[in-house]
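Peer 1: Below is the file entry24.cif, with mmCIF, C-alpha atoms.
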data_entry
loop_
_atom_site.label_atom_id
_atom_site.label_comp_id
_atom_site.auth_asym_id
_atom_site.auth_seq_id
_atom_site.Cartn_x
_atom_site.Cartn_y
_atom_site.Cartn_z
CA MET F 1 -120.82 26.83 -71.75
CA THR F 2 -124.48 27.58 -72.24
CA ILE F 3 -125.61 30.74 -73.99
CA TYR F 4 -127.38 32.07 -70.88
CA PRO F 5 -124.35 33.72 -69.17
CA LEU F 6 -123.49 35.48 -72.44
CA LEU F 7 -127.02 36.82 -72.79
CA GLN F 8 -127.09 37.82 -69.11
CA ALA F 9 -123.87 39.83 -69.54
CA LEU F 10 -125.17 41.56 -72.67
CA LEU F 11 -128.50 42.39 -71.00
CA ALA F 12 -126.62 43.70 -67.95
CA ALA F 13 -124.62 45.95 -70.28
CA LEU F 14 -127.80 47.13 -72.02
CA LEU F 15 -129.49 48.06 -68.72
CA PHE F 16 -126.38 49.80 -67.38
CA GLY F 17 -125.78 51.59 -70.66
CA ALA F 18 -129.32 52.97 -70.44
CA SER F 19 -128.45 54.67 -67.14
CA ALA F 20 -126.26 57.33 -68.79
CA PRO F 21 -128.81 58.95 -71.15
CA PHE F 22 -131.64 58.71 -68.60
CA ALA F 23 -129.40 60.09 -65.84
CA LYS F 24 -128.54 62.96 -68.18
CA LEU F 25 -132.22 63.93 -68.08
CA LEU F 26 -131.98 64.21 -64.29
CA LEU F 27 -128.59 65.93 -63.96
CA GLY F 28 -130.03 69.38 -64.58
CA GLU F 29 -132.10 68.93 -61.43
CA VAL F 30 -129.64 67.23 -59.07
CA GLU F 31 -125.96 67.29 -58.08
CA PRO F 32 -123.92 64.34 -59.44
CA ILE F 33 -123.08 62.95 -55.98
CA SER F 34 -126.71 63.18 -54.90
CA LEU F 35 -127.76 61.42 -58.09
CA ALA F 36 -125.24 58.63 -57.45
CA ALA F 37 -126.59 58.26 -53.90
CA PHE F 38 -130.18 57.76 -55.02
CA LEU F 39 -129.20 55.51 -57.94
CA TYR F 40 -127.35 53.20 -55.54
CA LEU F 41 -130.08 53.39 -52.89
CA GLY F 42 -132.63 52.60 -55.58
CA SER F 43 -130.66 49.52 -56.60
CA GLY F 44 -130.52 48.22 -53.03
CA LEU F 45 -134.13 49.01 -52.16
CA GLY F 46 -135.38 47.73 -55.51
CA MET F 47 -133.76 44.34 -55.01
CA LEU F 48 -134.99 44.28 -51.40
CA LEU F 49 -138.54 44.80 -52.68
CA LEU F 50 -138.08 42.18 -55.41
CA LYS F 51 -136.85 39.70 -52.82
CA ALA F 52 -139.87 40.42 -50.61
CA VAL F 53 -142.41 39.81 -53.37
CA GLN F 54 -140.82 36.65 -54.75
CA LYS F 55 -143.34 33.85 -54.80
CA LYS F 56 -143.02 31.06 -52.30
CA GLY F 57 -141.35 28.11 -53.99
CA ALA F 58 -139.28 30.32 -56.29
CA VAL F 59 -135.88 28.98 -57.33
CA SER F 60 -133.72 29.02 -54.23
CA GLU F 61 -130.33 30.69 -54.00
CA ALA F 62 -127.46 30.07 -51.60
CA PRO F 63 -127.58 32.53 -48.68
CA ILE F 64 -124.70 34.82 -47.75
CA LYS F 65 -122.80 33.24 -44.86
CA ARG F 66 -120.13 34.40 -42.43
CA ALA F 67 -117.27 33.30 -44.72
CA ASP F 68 -118.67 35.50 -47.51
CA TRP F 69 -118.82 38.77 -45.60
CA GLY F 70 -115.10 39.47 -45.99
CA TRP F 71 -115.37 39.30 -49.80
CA LEU F 72 -118.55 41.39 -49.77
CA ALA F 73 -117.12 44.01 -47.39
CA GLY F 74 -114.01 44.29 -49.56
CA SER F 75 -116.17 44.68 -52.66
CA VAL F 76 -118.20 47.48 -51.08
CA ALA F 77 -115.08 49.22 -49.74
CA ALA F 78 -113.24 49.07 -53.08
CA GLY F 79 -116.06 49.73 -55.54
CA GLY F 80 -118.69 51.56 -53.50
CA VAL F 81 -116.53 53.78 -51.29
CA ALA F 82 -112.86 54.07 -52.32
CA ALA F 83 -113.28 54.18 -56.12
CA PRO F 84 -115.88 57.01 -56.13
CA ILE F 85 -113.76 59.09 -53.71
CA VAL F 86 -110.59 58.64 -55.79
CA LEU F 87 -112.50 59.41 -58.99
CA LEU F 88 -114.16 62.49 -57.46
CA PHE F 89 -110.86 64.07 -56.47
CA SER F 90 -109.18 63.03 -59.71
CA LEU F 91 -111.87 64.61 -61.89
CA ARG F 92 -111.19 67.98 -60.25
CA VAL F 93 -107.70 68.09 -61.82
CA THR F 94 -108.18 65.94 -64.92
CA PRO F 95 -109.41 67.11 -68.35
CA ALA F 96 -112.80 65.62 -69.18
CA ALA F 97 -111.51 64.01 -72.38
CA THR F 98 -108.71 62.27 -70.50
CA ALA F 99 -111.03 60.99 -67.76
CA SER F 100 -113.60 59.74 -70.28
CA LEU F 101 -111.00 57.68 -72.12
CA LEU F 102 -109.26 56.31 -69.04
CA LEU F 103 -112.52 55.11 -67.48
CA ASN F 104 -112.71 52.52 -70.26
CA PHE F 105 -109.89 50.58 -68.59
CA GLU F 106 -112.07 49.07 -65.89
CA GLY F 107 -112.50 45.95 -68.04
CA VAL F 108 -108.75 45.71 -68.60
CA ALA F 109 -108.13 46.07 -64.86
CA THR F 110 -110.71 43.37 -64.12
CA THR F 111 -109.05 40.99 -66.59
CA LEU F 112 -105.51 41.62 -65.31
CA LEU F 113 -106.56 41.08 -61.70
CA ALA F 114 -108.62 38.00 -62.61
CA GLY F 115 -105.67 36.42 -64.39
CA ILE F 116 -102.78 37.49 -62.14
CA LEU F 117 -104.26 37.49 -58.64
CA PHE F 118 -107.20 35.10 -58.93
CA LYS F 119 -105.65 32.72 -61.51
CA GLU F 120 -108.69 32.76 -63.79
CA ALA F 121 -108.11 30.98 -67.09
CA ILE F 122 -107.87 33.55 -69.88
CA ASN F 123 -107.07 32.44 -73.43
CA ARG F 124 -106.00 34.43 -76.48
CA GLN F 125 -109.55 34.61 -77.80
CA THR F 126 -110.75 36.26 -74.58
CA VAL F 127 -107.81 38.68 -74.56
CA LEU F 128 -108.54 39.66 -78.17
CA ALA F 129 -112.22 40.23 -77.30
CA ILE F 130 -111.24 42.49 -74.39
CA ILE F 131 -108.85 44.44 -76.64
CA CYS F 132 -111.65 44.93 -79.18
CA VAL F 133 -114.12 46.14 -76.55
CA THR F 134 -111.57 48.51 -75.01
CA ALA F 135 -110.64 49.92 -78.43
CA ALA F 136 -114.32 50.43 -79.27
CA SER F 137 -114.99 52.11 -75.90
CA ILE F 138 -112.06 54.48 -76.44
CA LEU F 139 -113.38 55.39 -79.88
CA LEU F 140 -116.88 56.02 -78.49
CA SER F 141 -115.57 58.32 -75.76
CA TRP F 142 -112.99 60.14 -77.86
CA ASP F 143 -113.49 63.90 -77.71
CA THR F 144 -111.49 65.57 -80.46
CA SER F 145 -112.43 69.02 -79.18
CA GLY F 146 -111.62 68.33 -75.54
CA GLN F 147 -108.42 69.11 -73.69
CA TRP F 148 -106.07 66.16 -73.32
CA GLY F 149 -103.29 65.69 -70.84
CA LEU F 150 -101.73 63.17 -68.47
CA SER F 151 -101.39 64.16 -64.82
CA VAL F 152 -101.64 62.96 -61.25
CA GLY F 153 -105.41 63.14 -61.77
CA ALA F 154 -105.13 60.72 -64.70
CA VAL F 155 -103.30 58.27 -62.46
CA GLY F 156 -106.16 58.71 -59.99
CA VAL F 157 -108.73 57.78 -62.66
CA LEU F 158 -106.76 54.64 -63.48
CA THR F 159 -106.58 53.85 -59.77
CA ALA F 160 -110.38 54.10 -59.58
CA CYS F 161 -110.63 51.67 -62.51
CA PHE F 162 -108.41 49.18 -60.70
CA LEU F 163 -110.51 49.58 -57.55
CA TRP F 164 -113.60 48.69 -59.59
CA GLY F 165 -111.62 45.79 -61.05
CA ILE F 166 -110.97 44.61 -57.47
CA ASP F 167 -114.68 45.03 -56.75
CA ASN F 168 -115.59 42.84 -59.74
CA ASN F 169 -113.15 40.09 -58.78
CA LEU F 170 -114.12 40.06 -55.11
CA THR F 171 -117.76 39.81 -56.17
CA ARG F 172 -116.79 36.91 -58.46
CA ASN F 173 -115.70 34.97 -55.38
CA ILE F 174 -119.23 35.12 -53.96
CA ALA F 175 -121.10 34.95 -57.27
CA ALA F 176 -122.51 31.57 -56.23
CA LYS F 177 -124.52 33.28 -53.49
CA ASP F 178 -127.90 35.03 -53.77
CA PRO F 179 -127.30 37.98 -56.17
CA LEU F 180 -130.35 39.86 -54.87
CA ALA F 181 -128.88 39.82 -51.37
CA ILE F 182 -125.45 40.89 -52.66
CA VAL F 183 -126.92 43.86 -54.54
CA GLN F 184 -129.00 44.86 -51.52
CA VAL F 185 -125.86 45.15 -49.40
CA LYS F 186 -123.77 46.82 -52.10
CA GLY F 187 -126.49 49.27 -53.16
CA LEU F 188 -127.57 50.33 -49.68
CA SER F 189 -123.97 50.65 -48.45
CA ALA F 190 -122.70 52.65 -51.43
CA GLY F 191 -125.89 54.75 -51.56
CA SER F 192 -125.72 55.59 -47.85
CA PHE F 193 -122.08 56.60 -48.22
CA SER F 194 -122.82 58.89 -51.20
CA LEU F 195 -125.79 60.41 -49.40
CA LEU F 196 -123.66 61.12 -46.34
CA LEU F 197 -121.02 62.68 -48.58
CA THR F 198 -123.70 64.86 -50.18
CA LEU F 199 -124.80 66.16 -46.77
CA LEU F 200 -121.22 66.73 -45.58
CA LEU F 201 -120.50 68.79 -48.71
CA GLY F 202 -123.59 70.89 -48.02
CA HIS F 203 -125.40 70.03 -51.25
CA SER F 204 -129.17 70.44 -51.17
CA LEU F 205 -131.34 67.39 -51.80
CA PRO F 206 -133.54 67.33 -54.92
CA ARG F 207 -137.33 67.38 -54.84
CA LEU F 208 -139.22 64.15 -54.19
CA SER F 209 -140.14 63.47 -57.83
CA ILE F 210 -136.45 63.56 -58.83
CA VAL F 211 -135.51 61.30 -55.92
CA LEU F 212 -138.14 58.74 -56.92
CA GLY F 213 -137.14 58.92 -60.59
CA ALA F 214 -133.47 58.39 -59.74
CA MET F 215 -134.29 55.46 -57.45
CA LEU F 216 -136.48 53.82 -60.10
CA LEU F 217 -133.68 54.21 -62.64
CA GLY F 218 -131.19 52.82 -60.12
CA SER F 219 -133.32 49.77 -59.37
CA ILE F 220 -133.33 48.82 -63.06
CA SER F 221 -130.07 50.14 -64.56
CA TYR F 222 -127.98 49.41 -61.46
CA GLY F 223 -129.88 46.81 -59.42
CA LEU F 224 -131.09 44.41 -62.11
CA SER F 225 -127.95 45.05 -64.14
CA ILE F 226 -125.65 44.01 -61.28
CA VAL F 227 -127.80 40.94 -60.53
CA LEU F 228 -127.40 39.84 -64.16
CA PHE F 229 -123.68 40.71 -64.04
CA ILE F 230 -123.21 38.47 -60.98
CA ARG F 231 -125.12 35.61 -62.58
CA ALA F 232 -123.03 35.97 -65.72
CA MET F 233 -119.82 35.85 -63.65
CA ARG F 234 -121.16 32.70 -62.02
CA GLY F 235 -121.38 31.13 -65.47
CA MET F 236 -118.20 32.39 -67.18
CA GLY F 237 -115.91 34.22 -64.76
CA ALA F 238 -114.96 37.87 -64.29
CA ALA F 239 -112.82 38.51 -67.39
CA ARG F 240 -115.33 37.35 -70.00
CA THR F 241 -118.27 38.98 -68.22
CA SER F 242 -116.41 42.30 -68.02
CA ALA F 243 -115.56 42.08 -71.72
CA LEU F 244 -119.23 41.77 -72.69
CA PHE F 245 -120.25 44.34 -70.08
CA GLY F 246 -117.88 46.72 -71.86
CA THR F 247 -120.46 47.00 -74.63
CA ALA F 248 -122.56 49.21 -72.30
CA PRO F 249 -121.37 52.51 -73.90
CA LEU F 250 -122.73 51.29 -77.22
CA ALA F 251 -126.19 50.76 -75.71
CA GLY F 252 -126.00 54.15 -74.02
CA MET F 253 -125.05 55.89 -77.24
CA VAL F 254 -127.89 54.24 -79.21
CA LEU F 255 -130.39 55.35 -76.56
CA SER F 256 -128.92 58.86 -76.65
CA PHE F 257 -129.60 58.94 -80.37
CA LEU F 258 -133.23 58.01 -79.70
CA LEU F 259 -133.79 60.26 -76.67
CA PHE F 260 -131.88 63.38 -77.68
CA ARG F 261 -131.93 63.01 -81.47
CA GLU F 262 -128.15 63.37 -81.48
CA ALA F 263 -126.49 62.71 -84.81
CA PRO F 264 -124.22 59.66 -84.66
CA ASN F 265 -120.55 60.48 -84.28
CA PRO F 266 -118.60 59.05 -87.23
CA LEU F 267 -116.46 57.13 -84.73
CA PHE F 268 -119.58 55.23 -83.69
CA PHE F 269 -119.54 53.39 -87.01
CA VAL F 270 -115.83 52.63 -86.55
CA ALA F 271 -116.37 51.32 -83.01
CA LEU F 272 -119.40 49.16 -83.82
CA PRO F 273 -117.49 46.43 -85.72
CA PHE F 274 -115.04 46.09 -82.81
CA MET F 275 -117.95 45.49 -80.41
CA LEU F 276 -119.49 42.93 -82.77
CA ILE F 277 -116.18 41.10 -83.26
CA ALA F 278 -115.62 40.92 -79.50
CA THR F 279 -119.10 39.53 -78.89
CA LEU F 280 -118.69 36.97 -81.69
CA LEU F 281 -115.32 35.85 -80.30
CA LEU F 282 -116.83 35.13 -76.89
CA PHE F 283 -119.91 33.44 -78.34
CA ARG F 284 -117.70 31.11 -80.39
CA GLU F 285 -115.16 30.34 -77.66
CA ASN F 286 -114.45 26.62 -77.36
CA HIS F 287 -112.05 25.99 -74.47
CA LEU F 288 -111.68 22.20 -74.22
CA HIS F 289 -109.09 20.07 -72.43
CA ASN F 290 -108.81 17.18 -70.01
CA HIS F 291 -109.25 18.54 -66.49
CA THR F 292 -109.71 17.25 -62.96
CA HIS F 293 -112.34 18.38 -60.46
CA GLU F 294 -110.94 18.23 -56.95
CA PRO F 295 -113.32 17.12 -54.17
CA ILE F 296 -115.18 20.10 -52.75
CA THR F 297 -118.23 20.81 -50.61
CA HIS F 298 -120.05 24.05 -51.33
CA GLU F 299 -123.49 25.57 -51.89
CA HIS F 300 -124.93 27.24 -54.96
CA ARG F 301 -127.86 27.17 -57.35
CA HIS F 302 -127.66 24.13 -59.65
CA ALA F 303 -129.57 21.43 -61.52
CA HIS F 304 -128.86 17.70 -61.75
CA ASP F 305 -128.75 17.51 -65.52
CA ASP F 306 -125.54 19.44 -66.19
CA GLY F 307 -123.08 16.56 -65.83
CA HIS F 308 -121.49 17.92 -62.65
CA HIS F 309 -124.26 17.55 -60.06
CA SER F 310 -125.32 13.91 -60.04
CA HIS F 311 -125.34 13.69 -56.24
CA ALA F 312 -128.33 12.29 -54.36
CA HIS F 313 -130.35 13.96 -51.60
CA PRO F 314 -133.77 13.45 -49.95
CA GLN F 315 -135.55 15.59 -52.55
CA MET F 316 -134.74 13.52 -55.62
CA GLU F 317 -138.17 14.26 -57.00
CA ARG F 318 -136.79 17.73 -57.71
CA ASP F 319 -134.03 16.26 -59.88
CA GLY F 320 -133.83 18.35 -63.06
CA ARG F 321 -135.14 21.48 -61.36
CA THR F 322 -132.82 24.28 -60.39
CA HIS F 323 -132.36 24.53 -56.64
CA SER F 324 -129.72 25.26 -54.00
CA HIS F 325 -128.30 23.24 -51.10
CA VAL F 326 -124.95 22.20 -49.66
CA HIS F 327 -123.52 19.38 -51.77
CA THR F 328 -120.25 17.53 -52.27
CA HIS F 329 -118.40 17.00 -55.54
CA GLU F 330 -116.44 13.79 -55.77
CA PRO F 331 -113.13 13.73 -57.71
CA LEU F 332 -113.79 13.66 -61.46
CA THR F 333 -111.54 13.79 -64.52
CA HIS F 334 -113.03 14.38 -67.96
CA ASP F 335 -112.89 16.73 -70.93
CA HIS F 336 -115.51 19.01 -72.44
CA ALA F 337 -115.87 22.62 -73.53
CA HIS F 338 -115.98 24.92 -70.51
CA VAL F 339 -115.17 28.36 -69.13
CA PRO F 340 -114.14 29.43 -65.60
CA ASP F 341 -117.60 29.09 -64.08
CA ILE F 342 -118.05 28.19 -60.41
CA ASP F 343 -117.40 24.49 -61.17
CA HIS F 344 -114.34 25.06 -63.41
CA ARG F 345 -111.83 27.20 -61.54
CA HIS F 346 -109.02 24.71 -61.90
CA SER F 347 -105.47 25.74 -62.74
CA HIS F 348 -104.00 25.50 -66.26
#
Would you mind writing the structure in this file as structure tokens?
Peer 2:
Amino acid sequence: MTIYPLLQALLAALLFGASAPFAKLLLGEVEPISLAAFLYLGSGLGMLLLKAVQKKGAVSEAPIKRADWGWLAGSVAAGGVAAPIVLLFSLRVTPAATASLLLNFEGVATTLLAGILFKEAINRQTVLAIICVTAASILLSWDTSGQWGLSVGAVGVLTACFLWGIDNNLTRNIAAKDPLAIVQVKGLSAGSFSLLLTLLLGHSLPRLSIVLGAMLLGSISYGLSIVLFIRAMRGMGAARTSALFGTAPLAGMVLSFLLFREAPNPLFFVALPFMLIATLLLFRENHLHNHTHEPITHEHRHAHDDGHHSHAHPQMERDGRTHSHVHTHEPLTHDHAHVPDIDHRHSH
């Protein structure tokens, strides 16, 4: 595995982690549901604008096709519609401390679903990394002064985490397709739903400057973050990407220190080594065994110098450049270090 998917996942976590402290600056001026609406709309519109201004001849990506819409619709329904509704109702009857801790289990849910339902290869090193990230996230969100209790609402929060885990895994199945297009659909769909919910609840809309600020934040901390998250999943699967993405609270807390001059919680220094150990475990992963590539015809962004795409086509002068087109993989058996990227989803 190249280092790029790892860096993409970490950068995605950094951008998403930045959303919390910056959103905190806006929350005094806007209702939470309204803020979510404009963050999501900003992510969709931002990627739509980025797609429009891309230079001609930019690296091509595989387009979303009819067979992909089922996965994408399921992703939007689970993560953009159902999960926020379940979480909204659950938070009304759940202590804040409980909800904050339970929300850390999205990564665990993603890993369980990836391994059990989607048969993604997960080794002990990856499991240990996920345990470390989850432990660190729990430490970072622990509120010793808050009320704690398990209830039906707590079950609802866990249900929301599993719905986001479903979202992540369904998105994994179309990670080979244009991530800008995927984020456009997800952002505009989820944002429109939240905006409709805001209007149905009778909440007033914020002033234009707040709307624009929220949409700008959404385009970067949600839009670009999800694009990087999808590209990372393309290169190393859902479980490992979610593990690294779980470092987002650390980035958010560091930015909170800088923005609000908040004194570090002592638990921050306890959680930090867990985050570092998890990242090191994934960076040093060396999954190697003899495996067979079954014949398959598909379309995704690729280059001809990676050992898996030696096919010929009329544009051989582009050999070595990253591009996208429909291509066929012939049967191949070999061994090398790999992770469950889009060319290594074989069974173990």
Peer 1: Step by step, work through what the PyMOL selection byres ((chain F and resi 14) around 12) selects in the shown file, and finish by giving those residues as number ranges by chain.
Peer 2: F: 7-13, 15-21, 220-222, 224-226, 228-229, 244-255
Peer 1: Smallest atom-to-atom distance to Leu26 in chain F: which of F:Ala135, F:Leu163, F:Ile174, F:Val211, using all atoms listed in the file?
Peer 2: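 Checking each of F:Ala135, F:Leu163, F:Ile174, F:Val211 against Leu26 in chain F, counting all atoms listed in the file, the winner is F:Val211.
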Peer 1: So for range 10-19 of chain F, what box centre and size do we get, axis-aligned, 4 Å extra on each of the six sides, every listed atom, Å to one decimal, as AutoDock Vina command-line options?
Peer 2:
--center_x -127.1 --center_y 48.1 --center_z -69.9 --size_x 12.9 --size_y 21.1 --size_z 13.5
Peer 1: Please compute the CA of Ala271 in chain F-CA of Leu6 in chain F distance, one decimal, in Å.
Peer 2: 20.3 Å
Peer 1: I'd like the interatomic distance between CA of Trp164 in chain F and CA of Gly28 in chain F, to a tenth of an Å.
Peer 2: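 CA of Trp164 in chain F sits 26.9 Å away from CA of Gly28 in chain F.
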